[in-house]
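**Q** Input upload.tsv, format and content: TSV, C-alpha atoms.
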chain	number	residue	atom	x	y	z
A	115	MET	CA	-46.48	-55.27	-61.62
A	116	PHE	CA	-49.16	-52.81	-60.67
A	117	GLY	CA	-51.95	-52.41	-58.20
A	118	ALA	CA	-55.25	-50.71	-58.74
A	119	LEU	CA	-57.62	-49.09	-56.34
A	120	THR	CA	-61.28	-49.48	-57.29
A	121	GLU	CA	-63.66	-46.59	-56.77
A	122	GLN	CA	-65.49	-48.48	-54.00
A	123	GLU	CA	-62.31	-49.28	-52.09
A	124	TYR	CA	-61.00	-45.76	-52.59
A	125	GLU	CA	-64.23	-44.28	-51.25
A	126	ARG	CA	-64.05	-46.55	-48.19
A	127	ILE	CA	-60.50	-45.59	-47.26
A	128	GLN	CA	-60.91	-41.98	-48.28
A	129	ARG	CA	-63.84	-41.63	-45.88
A	130	LEU	CA	-61.76	-43.04	-43.01
A	131	VAL	CA	-58.83	-40.76	-43.86
A	132	ALA	CA	-61.12	-37.71	-44.07
A	133	ASP	CA	-62.77	-38.60	-40.75
A	134	LEU	CA	-59.38	-38.85	-39.08
A	135	LEU	CA	-58.39	-35.40	-40.36
A	136	VAL	CA	-61.46	-33.91	-38.68
A	137	GLN	CA	-61.21	-35.98	-35.49
A	138	VAL	CA	-57.66	-34.87	-34.68
A	139	GLU	CA	-57.82	-31.48	-36.43
A	140	ALA	CA	-54.78	-32.39	-38.50
A	141	ASP	CA	-53.30	-30.45	-41.41
A	142	ALA	CA	-52.88	-33.56	-43.50
A	143	VAL	CA	-53.58	-37.27	-43.31
A	144	LEU	CA	-51.90	-39.50	-45.87
A	145	LEU	CA	-52.14	-43.23	-46.42
A	146	CYS	CA	-49.13	-44.42	-48.39
A	147	ASP	CA	-47.55	-47.70	-49.39
A	148	ARG	CA	-44.02	-48.91	-48.71
A	149	GLY	CA	-42.79	-47.32	-51.89
A	150	GLY	CA	-43.95	-43.88	-50.71
A	151	ASN	CA	-46.91	-43.72	-53.10
A	152	ILE	CA	-49.97	-41.95	-51.73
A	153	VAL	CA	-53.00	-44.24	-51.76
A	154	ALA	CA	-55.41	-41.77	-50.16
A	155	GLN	CA	-55.05	-38.31	-48.72
A	156	GLU	CA	-56.99	-35.52	-47.09
A	157	CYS	CA	-55.39	-32.16	-46.43
A	158	VAL	CA	-56.52	-28.72	-45.36
A	159	SER	CA	-56.72	-26.54	-48.43
A	160	SER	CA	-53.52	-24.64	-47.70
A	161	TYR	CA	-51.40	-27.77	-47.41
A	162	LYS	CA	-48.86	-28.66	-50.11
A	163	ASP	CA	-45.90	-31.01	-50.49
A	164	GLU	CA	-47.80	-34.13	-49.58
A	165	ASP	CA	-45.82	-36.20	-52.11
A	166	ASN	CA	-42.56	-35.17	-50.47
A	167	ILE	CA	-43.89	-35.87	-46.97
A	168	ALA	CA	-45.12	-39.32	-48.07
A	169	ALA	CA	-41.77	-40.23	-49.65
A	170	LEU	CA	-39.78	-39.11	-46.63
A	171	ALA	CA	-42.17	-40.59	-44.07
A	172	SER	CA	-42.24	-43.94	-45.79
A	173	GLY	CA	-38.44	-43.98	-46.06
A	174	ALA	CA	-38.00	-43.04	-42.42
A	175	PHE	CA	-40.62	-45.45	-41.13
A	176	PHE	CA	-39.53	-48.50	-43.05
A	177	ALA	CA	-35.86	-47.76	-42.31
A	178	THR	CA	-36.64	-48.40	-38.66
A	179	VAL	CA	-37.60	-52.00	-39.42
A	180	GLU	CA	-33.92	-52.90	-39.38
A	181	MET	CA	-33.43	-51.00	-36.12
A	182	ALA	CA	-36.34	-52.92	-34.64
A	183	ARG	CA	-34.79	-56.22	-35.68
A	184	LEU	CA	-31.55	-55.28	-33.94
A	185	VAL	CA	-33.40	-55.02	-30.64
A	186	GLY	CA	-35.46	-58.15	-31.21
A	187	GLU	CA	-38.69	-56.58	-32.51
A	188	THR	CA	-40.33	-57.33	-35.85
A	189	GLU	CA	-41.02	-53.66	-36.46
A	190	PHE	CA	-41.89	-50.50	-34.59
A	191	ARG	CA	-45.55	-49.83	-35.11
A	192	SER	CA	-45.51	-46.08	-34.76
A	193	MET	CA	-43.24	-43.05	-34.79
A	194	LEU	CA	-43.74	-39.51	-33.54
A	195	HIS	CA	-41.64	-36.55	-34.62
A	196	GLN	CA	-42.60	-33.71	-32.32
A	197	GLY	CA	-41.69	-30.13	-33.14
A	198	GLU	CA	-42.45	-26.83	-31.47
A	199	ARG	CA	-45.16	-25.89	-33.95
A	200	MET	CA	-45.77	-28.93	-36.12
A	201	SER	CA	-45.53	-32.66	-35.55
A	202	ILE	CA	-45.80	-35.81	-37.63
A	203	TYR	CA	-47.16	-39.11	-36.40
A	204	MET	CA	-46.82	-42.33	-38.37
A	205	GLU	CA	-48.68	-45.55	-37.77
A	206	GLY	CA	-48.06	-48.76	-39.69
A	207	THR	CA	-51.25	-50.42	-40.88
A	208	ALA	CA	-52.06	-53.91	-42.08
A	209	GLY	CA	-50.75	-54.88	-45.49
A	210	ASP	CA	-47.58	-52.78	-45.27
A	211	MET	CA	-49.27	-49.41	-45.51
A	212	LEU	CA	-48.48	-46.33	-43.50
A	213	LEU	CA	-50.76	-43.70	-42.05
A	214	VAL	CA	-49.07	-40.29	-41.79
A	215	ILE	CA	-50.66	-37.47	-39.80
A	216	VAL	CA	-49.30	-33.92	-39.91
A	217	PHE	CA	-50.69	-31.81	-37.07
A	218	ASP	CA	-49.96	-28.57	-35.25
A	219	LYS	CA	-49.35	-27.74	-31.58
A	220	PHE	CA	-53.06	-27.35	-30.89
A	221	SER	CA	-53.70	-31.06	-31.48
A	222	ASN	CA	-52.94	-33.48	-28.68
A	223	PRO	CA	-50.36	-36.14	-29.67
A	224	GLY	CA	-52.04	-38.67	-27.37
A	225	LEU	CA	-55.35	-38.12	-29.08
A	226	VAL	CA	-53.73	-38.33	-32.50
A	227	LYS	CA	-52.20	-41.66	-31.55
A	228	LEU	CA	-55.50	-42.98	-30.21
A	229	TYR	CA	-57.53	-42.04	-33.27
A	230	ALA	CA	-54.78	-43.14	-35.67
A	231	ARG	CA	-54.79	-46.61	-34.15
A	232	LYS	CA	-58.57	-46.78	-34.39
A	233	THR	CA	-58.44	-45.72	-38.03
A	234	SER	CA	-55.68	-48.21	-38.72
A	235	GLU	CA	-57.88	-51.01	-37.39
A	236	GLN	CA	-60.83	-49.81	-39.44
A	237	LEU	CA	-58.72	-49.61	-42.57
A	238	GLY	CA	-57.68	-53.25	-42.25
A	239	ILE	CA	-55.95	-54.50	-45.36
A	240	VAL	CA	-56.44	-52.09	-48.23
A	241	SER	CA	-57.60	-54.16	-51.15
A	242	LEU	CA	-55.52	-53.42	-54.23
A	243	CYS	CA	-56.61	-55.34	-57.32
A	244	VAL	CA	-53.67	-56.91	-58.97
A	245	ASP	CA	-55.50	-59.55	-60.97
A	246	GLN	CA	-56.90	-59.21	-64.44
A	247	VAL	CA	-59.66	-61.77	-63.89
A	248	GLY	CA	-61.67	-63.27	-61.05
A	249	GLU	CA	-63.30	-61.78	-58.01
A	250	ASN	CA	-60.46	-59.34	-57.35
A	251	ALA	CA	-60.17	-58.23	-60.96
A	252	MET	CA	-59.43	-54.60	-61.65
A	253	PRO	CA	-61.87	-52.58	-63.72
A	254	LYS	CA	-61.31	-52.93	-67.45
A	255	GLU	CA	-59.73	-49.82	-68.82
A	256	GLN	CA	-57.73	-49.32	-71.96
A	257	PHE	CA	-54.92	-46.88	-71.32
A	258	GLU	CA	-53.42	-45.05	-74.28
A	259	PHE	CA	-50.62	-42.63	-74.84
A	260	ASP	CA	-49.20	-40.97	-77.92
A	261	GLU	CA	-45.81	-42.57	-78.46
A	262	ASN	CA	-44.63	-39.57	-80.45
A	263	ALA	CA	-45.40	-37.12	-77.64
A	264	GLN	CA	-42.89	-36.36	-74.89
A	265	PRO	CA	-44.07	-36.89	-71.30
A	266	PHE	CA	-42.08	-33.85	-70.18
A	267	THR	CA	-41.19	-30.63	-71.93
A	268	VAL	CA	-39.00	-27.77	-70.79
A	269	ILE	CA	-40.07	-24.33	-69.67
A	270	GLN	CA	-40.52	-22.03	-72.66
A	271	ARG	CA	-38.59	-18.91	-71.74
A	272	ASN	CA	-39.59	-15.66	-73.41
A	273	LYS	CA	-36.89	-14.14	-75.57
A	274	SER	CA	-36.13	-10.61	-74.42
B	262	MET	CA	-45.27	-51.07	-58.27
B	263	SER	CA	-47.37	-48.65	-60.30
B	264	LEU	CA	-50.56	-47.66	-58.57
B	265	ILE	CA	-53.76	-46.83	-60.43
B	266	ASN	CA	-56.36	-44.76	-58.66
B	267	PHE	CA	-59.52	-44.95	-60.75
B	268	SER	CA	-61.35	-42.38	-58.63
B	269	ARG	CA	-58.70	-39.70	-58.83
B	270	LYS	CA	-57.75	-40.69	-62.39
B	271	GLU	CA	-54.12	-40.96	-61.35
B	272	ILE	CA	-51.38	-43.46	-62.06
B	273	THR	CA	-48.23	-43.32	-59.96
B	274	PHE	CA	-44.85	-44.63	-61.12
B	275	LYS	CA	-41.56	-44.80	-59.26
B	276	LEU	CA	-38.41	-43.88	-61.16
B	277	VAL	CA	-34.98	-44.31	-59.58
B	278	TYR	CA	-31.60	-42.87	-60.61
B	279	TYR	CA	-28.92	-45.40	-59.68
B	280	GLY	CA	-25.15	-45.32	-60.05
B	281	PRO	CA	-21.81	-44.97	-58.28
B	282	ALA	CA	-20.89	-42.13	-55.93
B	283	LEU	CA	-20.46	-38.70	-57.56
B	284	CYS	CA	-21.63	-39.87	-61.00
B	285	GLY	CA	-24.23	-37.09	-61.30
B	286	LYS	CA	-27.55	-38.57	-60.15
B	287	THR	CA	-28.44	-35.57	-58.01
B	288	THR	CA	-27.31	-33.20	-60.77
B	289	ASN	CA	-29.71	-34.91	-63.17
B	290	VAL	CA	-32.62	-34.37	-60.80
B	291	GLU	CA	-31.62	-30.77	-60.11
B	292	GLN	CA	-31.57	-30.08	-63.84
B	293	ILE	CA	-34.97	-31.67	-64.29
B	294	HIS	CA	-36.34	-29.52	-61.49
B	295	LYS	CA	-34.95	-26.41	-63.17
B	296	ALA	CA	-36.15	-27.31	-66.65
B	297	ILE	CA	-39.69	-28.57	-66.12
B	298	PRO	CA	-42.53	-26.07	-65.64
B	299	PRO	CA	-43.74	-25.78	-62.03
B	300	GLU	CA	-47.20	-27.08	-62.91
B	301	ASN	CA	-45.58	-30.42	-63.80
B	302	SER	CA	-42.99	-30.50	-61.06
B	303	GLY	CA	-43.24	-30.38	-57.26
B	304	LYS	CA	-40.72	-29.50	-54.60
B	305	LEU	CA	-37.24	-30.99	-54.84
B	306	THR	CA	-36.21	-32.61	-51.56
B	307	MET	CA	-32.52	-33.32	-51.07
B	308	LEU	CA	-31.15	-35.06	-48.03
B	309	SER	CA	-27.44	-34.33	-48.15
B	310	THR	CA	-24.48	-34.36	-45.79
B	311	GLN	CA	-22.50	-31.18	-45.09
B	312	GLN	CA	-20.28	-32.14	-48.02
B	313	ASP	CA	-23.31	-32.16	-50.36
B	314	ARG	CA	-23.23	-35.93	-50.70
B	315	THR	CA	-26.59	-37.66	-50.82
B	316	LEU	CA	-27.23	-39.15	-47.40
B	317	TYR	CA	-30.63	-40.69	-47.83
B	318	PHE	CA	-32.19	-39.88	-51.18
B	319	ASP	CA	-33.32	-36.99	-53.35
B	320	PHE	CA	-36.96	-36.84	-54.29
B	321	LEU	CA	-38.84	-34.94	-56.97
B	322	PRO	CA	-42.52	-35.48	-57.80
B	323	LEU	CA	-43.41	-34.94	-61.48
B	324	ARG	CA	-46.76	-34.92	-63.25
B	325	SER	CA	-47.57	-35.53	-66.89
B	326	GLN	CA	-50.77	-35.75	-68.93
B	327	ILE	CA	-49.30	-38.27	-71.33
B	328	ILE	CA	-51.89	-40.99	-70.65
B	329	LYS	CA	-55.25	-39.89	-71.99
B	330	GLY	CA	-57.73	-39.04	-69.25
B	331	TYR	CA	-55.27	-39.69	-66.43
B	332	VAL	CA	-52.57	-37.80	-64.58
B	333	SER	CA	-49.34	-39.77	-64.62
B	334	LYS	CA	-47.32	-39.09	-61.50
B	335	PHE	CA	-43.64	-39.95	-61.70
B	336	GLN	CA	-41.99	-40.06	-58.28
B	337	VAL	CA	-38.30	-39.52	-59.04
B	338	TYR	CA	-35.70	-40.75	-56.53
B	339	THR	CA	-31.93	-40.93	-56.47
B	340	VAL	CA	-30.05	-43.42	-54.32
B	341	PRO	CA	-27.00	-42.52	-52.24
B	342	GLY	CA	-24.00	-43.70	-54.26
B	343	GLN	CA	-21.59	-44.25	-51.41
B	344	VAL	CA	-20.94	-47.93	-50.68
B	345	ILE	CA	-21.85	-47.67	-46.98
B	346	TYR	CA	-25.46	-46.70	-47.73
B	347	ASN	CA	-26.55	-49.97	-49.31
B	348	GLU	CA	-29.49	-50.47	-46.92
B	349	THR	CA	-30.86	-47.11	-48.02
B	350	ARG	CA	-30.47	-48.07	-51.67
B	351	LYS	CA	-32.49	-51.23	-51.06
B	352	LEU	CA	-35.21	-49.17	-49.42
B	353	VAL	CA	-35.38	-46.72	-52.31
B	354	LEU	CA	-35.52	-49.55	-54.85
B	355	ARG	CA	-38.63	-51.00	-53.27
B	356	GLY	CA	-41.52	-50.93	-55.74
B	357	VAL	CA	-39.41	-49.37	-58.52
B	358	ASP	CA	-41.05	-49.12	-61.97
B	359	GLY	CA	-38.09	-47.86	-63.97
B	360	LEU	CA	-34.41	-47.05	-63.62
B	361	ILE	CA	-31.79	-44.77	-65.11
B	362	PHE	CA	-28.32	-46.10	-64.40
B	363	VAL	CA	-25.97	-43.12	-64.45
B	364	ALA	CA	-22.40	-44.12	-65.22
B	365	ASP	CA	-19.38	-41.87	-64.79
B	366	SER	CA	-17.60	-41.93	-68.18
B	367	GLN	CA	-14.12	-41.35	-66.78
B	368	TRP	CA	-11.69	-44.25	-67.21
B	369	SER	CA	-10.78	-44.02	-63.54
B	370	LYS	CA	-14.40	-44.66	-62.53
B	371	MET	CA	-14.94	-47.80	-64.59
B	372	GLN	CA	-14.56	-50.23	-61.72
B	373	GLU	CA	-16.99	-48.22	-59.59
B	374	ASN	CA	-19.51	-48.25	-62.46
B	375	VAL	CA	-19.29	-52.01	-62.82
B	376	GLU	CA	-19.52	-52.56	-59.06
B	377	SER	CA	-22.52	-50.26	-58.78
B	378	PHE	CA	-24.30	-52.06	-61.64
B	379	ALA	CA	-23.62	-55.42	-59.98
B	380	ASN	CA	-24.89	-53.95	-56.70
B	381	LEU	CA	-28.10	-52.88	-58.45
B	382	GLU	CA	-28.66	-56.39	-59.78
B	383	ALA	CA	-27.93	-57.92	-56.37
B	384	ASN	CA	-30.24	-55.53	-54.51
B	385	LEU	CA	-33.07	-56.24	-56.92
B	386	ARG	CA	-32.45	-59.96	-56.69
B	387	GLU	CA	-32.77	-59.72	-52.92
B	388	GLN	CA	-36.22	-58.25	-53.50
B	389	LYS	CA	-36.99	-61.14	-55.88
B	390	VAL	CA	-36.99	-58.83	-58.87
B	391	SER	CA	-34.93	-59.33	-62.03
B	392	LEU	CA	-33.47	-56.34	-63.82
B	393	ASP	CA	-34.89	-57.88	-67.01
B	394	ALA	CA	-38.38	-57.23	-65.66
B	395	ILE	CA	-37.82	-53.50	-65.14
B	396	PRO	CA	-37.46	-50.88	-67.88
B	397	TYR	CA	-34.08	-49.22	-67.56
B	398	ILE	CA	-31.62	-47.20	-69.62
B	399	LEU	CA	-27.97	-46.29	-69.28
B	400	GLN	CA	-26.79	-42.70	-69.17
B	401	TYR	CA	-23.07	-42.11	-69.75
B	402	ASN	CA	-22.44	-38.86	-67.93
B	403	LYS	CA	-19.55	-36.36	-67.83
B	404	ARG	CA	-18.86	-36.60	-71.57
B	405	ASP	CA	-17.30	-33.12	-71.44
B	406	LEU	CA	-14.31	-34.32	-69.42
B	407	ASN	CA	-11.01	-35.24	-71.04
B	408	ASP	CA	-10.30	-38.68	-69.72
B	409	VAL	CA	-13.50	-40.45	-70.76
B	410	ALA	CA	-13.96	-43.93	-72.15
B	411	PRO	CA	-15.61	-44.26	-75.57
B	412	VAL	CA	-19.29	-45.15	-75.63
B	413	HIS	CA	-18.67	-48.57	-77.18
B	414	TYR	CA	-16.38	-49.43	-74.27
B	415	LEU	CA	-18.98	-48.32	-71.72
B	416	ASP	CA	-21.54	-50.40	-73.59
B	417	TYR	CA	-19.14	-53.34	-73.49
B	418	MET	CA	-18.76	-52.96	-69.72
B	419	LEU	CA	-22.35	-52.16	-68.74
B	420	ASN	CA	-24.70	-53.14	-71.55
B	421	GLN	CA	-23.86	-56.80	-71.77
B	422	ARG	CA	-27.04	-58.41	-70.49
B	423	ALA	CA	-29.01	-60.68	-72.81
B	424	LYS	CA	-31.24	-57.74	-73.66
B	425	GLY	CA	-29.47	-54.60	-74.78
B	426	VAL	CA	-30.96	-51.35	-73.52
B	427	PRO	CA	-30.68	-47.80	-74.84
B	428	SER	CA	-27.63	-45.87	-73.73
B	429	MET	CA	-27.29	-42.10	-73.94
B	430	GLU	CA	-24.47	-39.64	-73.55
B	431	ALA	CA	-24.91	-36.73	-71.14
B	432	VAL	CA	-23.31	-33.74	-69.53
B	433	ALA	CA	-25.68	-33.37	-66.61
B	434	THR	CA	-24.07	-30.18	-65.29
B	435	ARG	CA	-25.15	-28.45	-68.53
B	436	GLY	CA	-28.44	-30.31	-68.76
B	437	ASP	CA	-27.36	-32.11	-71.94
B	438	GLY	CA	-29.00	-35.51	-72.26
B	439	VAL	CA	-30.93	-35.10	-69.00
B	440	LEU	CA	-34.46	-34.50	-70.25
B	441	GLU	CA	-33.92	-36.89	-73.15
B	442	ALA	CA	-33.11	-39.67	-70.67
B	443	LEU	CA	-36.11	-38.78	-68.51
B	444	ASN	CA	-38.49	-38.83	-71.47
B	445	LEU	CA	-37.06	-42.05	-72.83
B	446	ILE	CA	-37.35	-43.97	-69.56
B	447	SER	CA	-40.82	-42.50	-68.89
B	448	LYS	CA	-42.03	-43.79	-72.25
B	449	ARG	CA	-40.53	-47.22	-71.61
B	450	ILE	CA	-42.26	-47.35	-68.22
B	451	LEU	CA	-45.55	-46.34	-69.84
B	452	THR	CA	-45.16	-48.86	-72.66
B	453	LYS	CA	-44.52	-51.64	-70.18
B	454	PHE	CA	-47.44	-50.54	-68.02
B	455	ILE	CA	-49.85	-50.43	-70.94
B	456	GLN	CA	-48.67	-53.75	-72.31
B	457	ALA	CA	-49.03	-55.39	-68.91
B	458	ASN	CA	-52.47	-53.86	-68.51
B	459	ASN	CA	-53.55	-55.08	-71.90
B	460	MET	CA	-52.08	-58.48	-71.09
B	461	GLU	CA	-50.43	-58.69	-74.45
B	462	THR	CA	-46.94	-59.35	-73.16
B	463	MET	CA	-44.79	-58.41	-70.20
B	464	ASP	CA	-41.79	-57.72	-72.44
B	465	ILE	CA	-40.97	-54.38	-73.98
B	466	PRO	CA	-39.29	-54.03	-77.36
B	467	ASN	CA	-35.59	-54.69	-77.21
B	468	GLU	CA	-34.40	-51.27	-78.29
B	469	VAL	CA	-30.74	-50.69	-78.78
B	470	SER	CA	-30.78	-47.49	-80.79
B	471	VAL	CA	-31.91	-44.20	-79.39
B	472	PRO	CA	-33.92	-41.76	-81.44
B	473	SER	CA	-32.42	-38.31	-81.40
B	474	GLU	CA	-34.65	-36.06	-79.37
B	475	GLY	CA	-34.08	-32.35	-79.18
B	476	ARG	CA	-34.44	-30.47	-75.92
Let me see whether you can do it: turn the structure in this file into structure tokens.

**A**
Amino acid sequence: MFGALTEQEYERIQRLVADLLVQVEADAVLLCDRGGNIVAQECVSSYKDEDNIAALASGAFFATVEMARLVGETEFRSMLHQGERMSIYMEGTAGDMLLVIVFDKFSNPGLVKLYARKTSEQLGIVSLCVDQVGENAMPKEQFEFDENAQPFTVIQRNKS
Amino acid sequence: MSLINFSRKEITFKLVYYGPALCGKTTNVEQIHKAIPPENSGKLTMLSTQQDRTLYFDFLPLRSQIIKGYVSKFQVYTVPGQVIYNETRKLVLRGVDGLIFVADSQWSKMQENVESFANLEANLREQKVSLDAIPYILQYNKRDLNDVAPVHYLDYMLNQRAKGVPSMEAVATRGDGVLEALNLISKRILTKFIQANNMETMDIPNEVSVPSEGR
């Protein structure tokens, strides 16, 4: 099974993610799914490792669902990991998505939380097309790959 | 679940290394990280205990230009093999697009291999997914050790589903069979993805023989 993000839907969520980055002066804002895949992202130019952050954040966040159940909650809506220099805030959004905000000590965690919740509401349910036909059909695109080519090759080391 | 982003021209796939404790899943990923050029490989994240056992998962993001006009992102995960971490394994399996089941070839590990394979099937079933619906291959690791079962026996124990799948020998500590397995599963994931997209069929060819692929 696969989901597809149309250009219109991507532009809508990308704009919200980019706005949030500016509003809270974050280093990175990621919207990812339960599997840890990044759906949209906006980072300051120096920021790297967003794939790793998304995978870890999604694992950590959705692992707490079981903890929540043990204390009689359906899930915990948000998580804050606060460090001396850098912090990460996570906010669950509708449709099992996760908003991850990486910010430094100059951003106010309270403000981050406030704006993240607002963005989460504006995001609503991210519309992923999973149908081939109908109103929610994904754009027609023929994907091709060379079956004789290898997806990954090794580093070519120079002989010395 | 693979995710297509038409704006960024990216397709993301999730690949999981599954298998019993200490079978070499993390070693596979470490070797991949060493072997693949940095422009196609991101940072390797390993969440281990003090004894170097995987506590949560290992994660390595890879990129390939194999699909024309798109960047194919393969998010590679390992699961913790130890029995007590089953909840974590379920979490890592969520949305999986392809699997490499790493079996420890030693005779003494056969029961653990079989239990781990049954655990994989059960965990997928809990997520309402059949193993038949997911491209996977078997990697028989540690072939350099003395007390190893022959490949046909491992096939008999682990490759007995209605559909046979490719199985490959490996010595992950030396990197033998590691990249071959990665390329093979990646192509099976891509084939399935393209077939599903083209709505021809959801099944992939029932391969049982593995082409020899040089490193």

**Q** Which centre and edge lengths in Å to one decimal define the box along x, y and z that fits every listed atom of stretch 152-160 of chain A plus 6 Å per side, as AutoDock Vina command-line options?

**A**
--center_x -53.5 --center_y -34.4 --center_z -48.6 --size_x 19.0 --size_y 31.6 --size_z 18.4

**Q** Return as a PyMOL selection string the residues belonging to chain B that are within 8 Å of chain A, counting all atoms listed in the file.

**A** chain B and resi 262-268+273+275+296-298+303-304+306+320-322+325-329+349+352-353+355-357+440+443-444+447-448+454-455+457-459+476

**Q** Can those selected residues be exported to a file as a tab-separated table (two decimals), keeping the file's coordinate frame so that it contains C-alpha atoms?

**A**
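Produced file again-v2.tsv, reproduced below:
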chain	number	residue	atom	x	y	z
B	262	MET	CA	-45.27	-51.07	-58.27
B	263	SER	CA	-47.37	-48.65	-60.30
B	264	LEU	CA	-50.56	-47.66	-58.57
B	265	ILE	CA	-53.76	-46.83	-60.43
B	266	ASN	CA	-56.36	-44.76	-58.66
B	267	PHE	CA	-59.52	-44.95	-60.75
B	268	SER	CA	-61.35	-42.38	-58.63
B	273	THR	CA	-48.23	-43.32	-59.96
B	275	LYS	CA	-41.56	-44.80	-59.26
B	296	ALA	CA	-36.15	-27.31	-66.65
B	297	ILE	CA	-39.69	-28.57	-66.12
B	298	PRO	CA	-42.53	-26.07	-65.64
B	303	GLY	CA	-43.24	-30.38	-57.26
B	304	LYS	CA	-40.72	-29.50	-54.60
B	306	THR	CA	-36.21	-32.61	-51.56
B	320	PHE	CA	-36.96	-36.84	-54.29
B	321	LEU	CA	-38.84	-34.94	-56.97
B	322	PRO	CA	-42.52	-35.48	-57.80
B	325	SER	CA	-47.57	-35.53	-66.89
B	326	GLN	CA	-50.77	-35.75	-68.93
B	327	ILE	CA	-49.30	-38.27	-71.33
B	328	ILE	CA	-51.89	-40.99	-70.65
B	329	LYS	CA	-55.25	-39.89	-71.99
B	349	THR	CA	-30.86	-47.11	-48.02
B	352	LEU	CA	-35.21	-49.17	-49.42
B	353	VAL	CA	-35.38	-46.72	-52.31
B	355	ARG	CA	-38.63	-51.00	-53.27
B	356	GLY	CA	-41.52	-50.93	-55.74
B	357	VAL	CA	-39.41	-49.37	-58.52
B	440	LEU	CA	-34.46	-34.50	-70.25
B	443	LEU	CA	-36.11	-38.78	-68.51
B	444	ASN	CA	-38.49	-38.83	-71.47
B	447	SER	CA	-40.82	-42.50	-68.89
B	448	LYS	CA	-42.03	-43.79	-72.25
B	454	PHE	CA	-47.44	-50.54	-68.02
B	455	ILE	CA	-49.85	-50.43	-70.94
B	457	ALA	CA	-49.03	-55.39	-68.91
B	458	ASN	CA	-52.47	-53.86	-68.51
B	459	ASN	CA	-53.55	-55.08	-71.90
B	476	ARG	CA	-34.44	-30.47	-75.92

**Q** Between atom CA of A:Ser201 and atom CA of A:Lys219, what is the distance, to one decimal in Å?

**A**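 That distance, rounded to one decimal, is 7.4 Å.
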
**Q** Go ahead and compute the interatomic distance for atom CA of B:Glu376 and atom CA of B:Asp358, in Å to one decimal.

**A** 22.0 Å

**Q** List the spatial neighbours of stretch 129-132 of chain A as a PDB file with C-alpha atoms, in the coordinates of the input - criterion: any atom at most 9 Å away, only C-alpha atoms, same-chain residues fewer than 5 positions off excluded.

**A**
ATOM      1  CA  TYR A 124     -61.000 -45.760 -52.590  1.00  0.00           C
ATOM      2  CA  GLN A 137     -61.210 -35.980 -35.490  1.00  0.00           C
ATOM      3  CA  VAL A 143     -53.580 -37.270 -43.310  1.00  0.00           C
ATOM      4  CA  LEU A 144     -51.900 -39.500 -45.870  1.00  0.00           C
ATOM      5  CA  LEU A 145     -52.140 -43.230 -46.420  1.00  0.00           C
ATOM      6  CA  ALA A 154     -55.410 -41.770 -50.160  1.00  0.00           C
ATOM      7  CA  GLN A 155     -55.050 -38.310 -48.720  1.00  0.00           C
ATOM      8  CA  GLU A 156     -56.990 -35.520 -47.090  1.00  0.00           C
ATOM      9  CA  CYS A 157     -55.390 -32.160 -46.430  1.00  0.00           C
ATOM     10  CA  LEU A 213     -50.760 -43.700 -42.050  1.00  0.00           C
ATOM     11  CA  THR A 233     -58.440 -45.720 -38.030  1.00  0.00           C
ATOM     12  CA  GLN A 236     -60.830 -49.810 -39.440  1.00  0.00           C
ATOM     13  CA  LEU A 237     -58.720 -49.610 -42.570  1.00  0.00           C
TER      14      LEU A 237
END
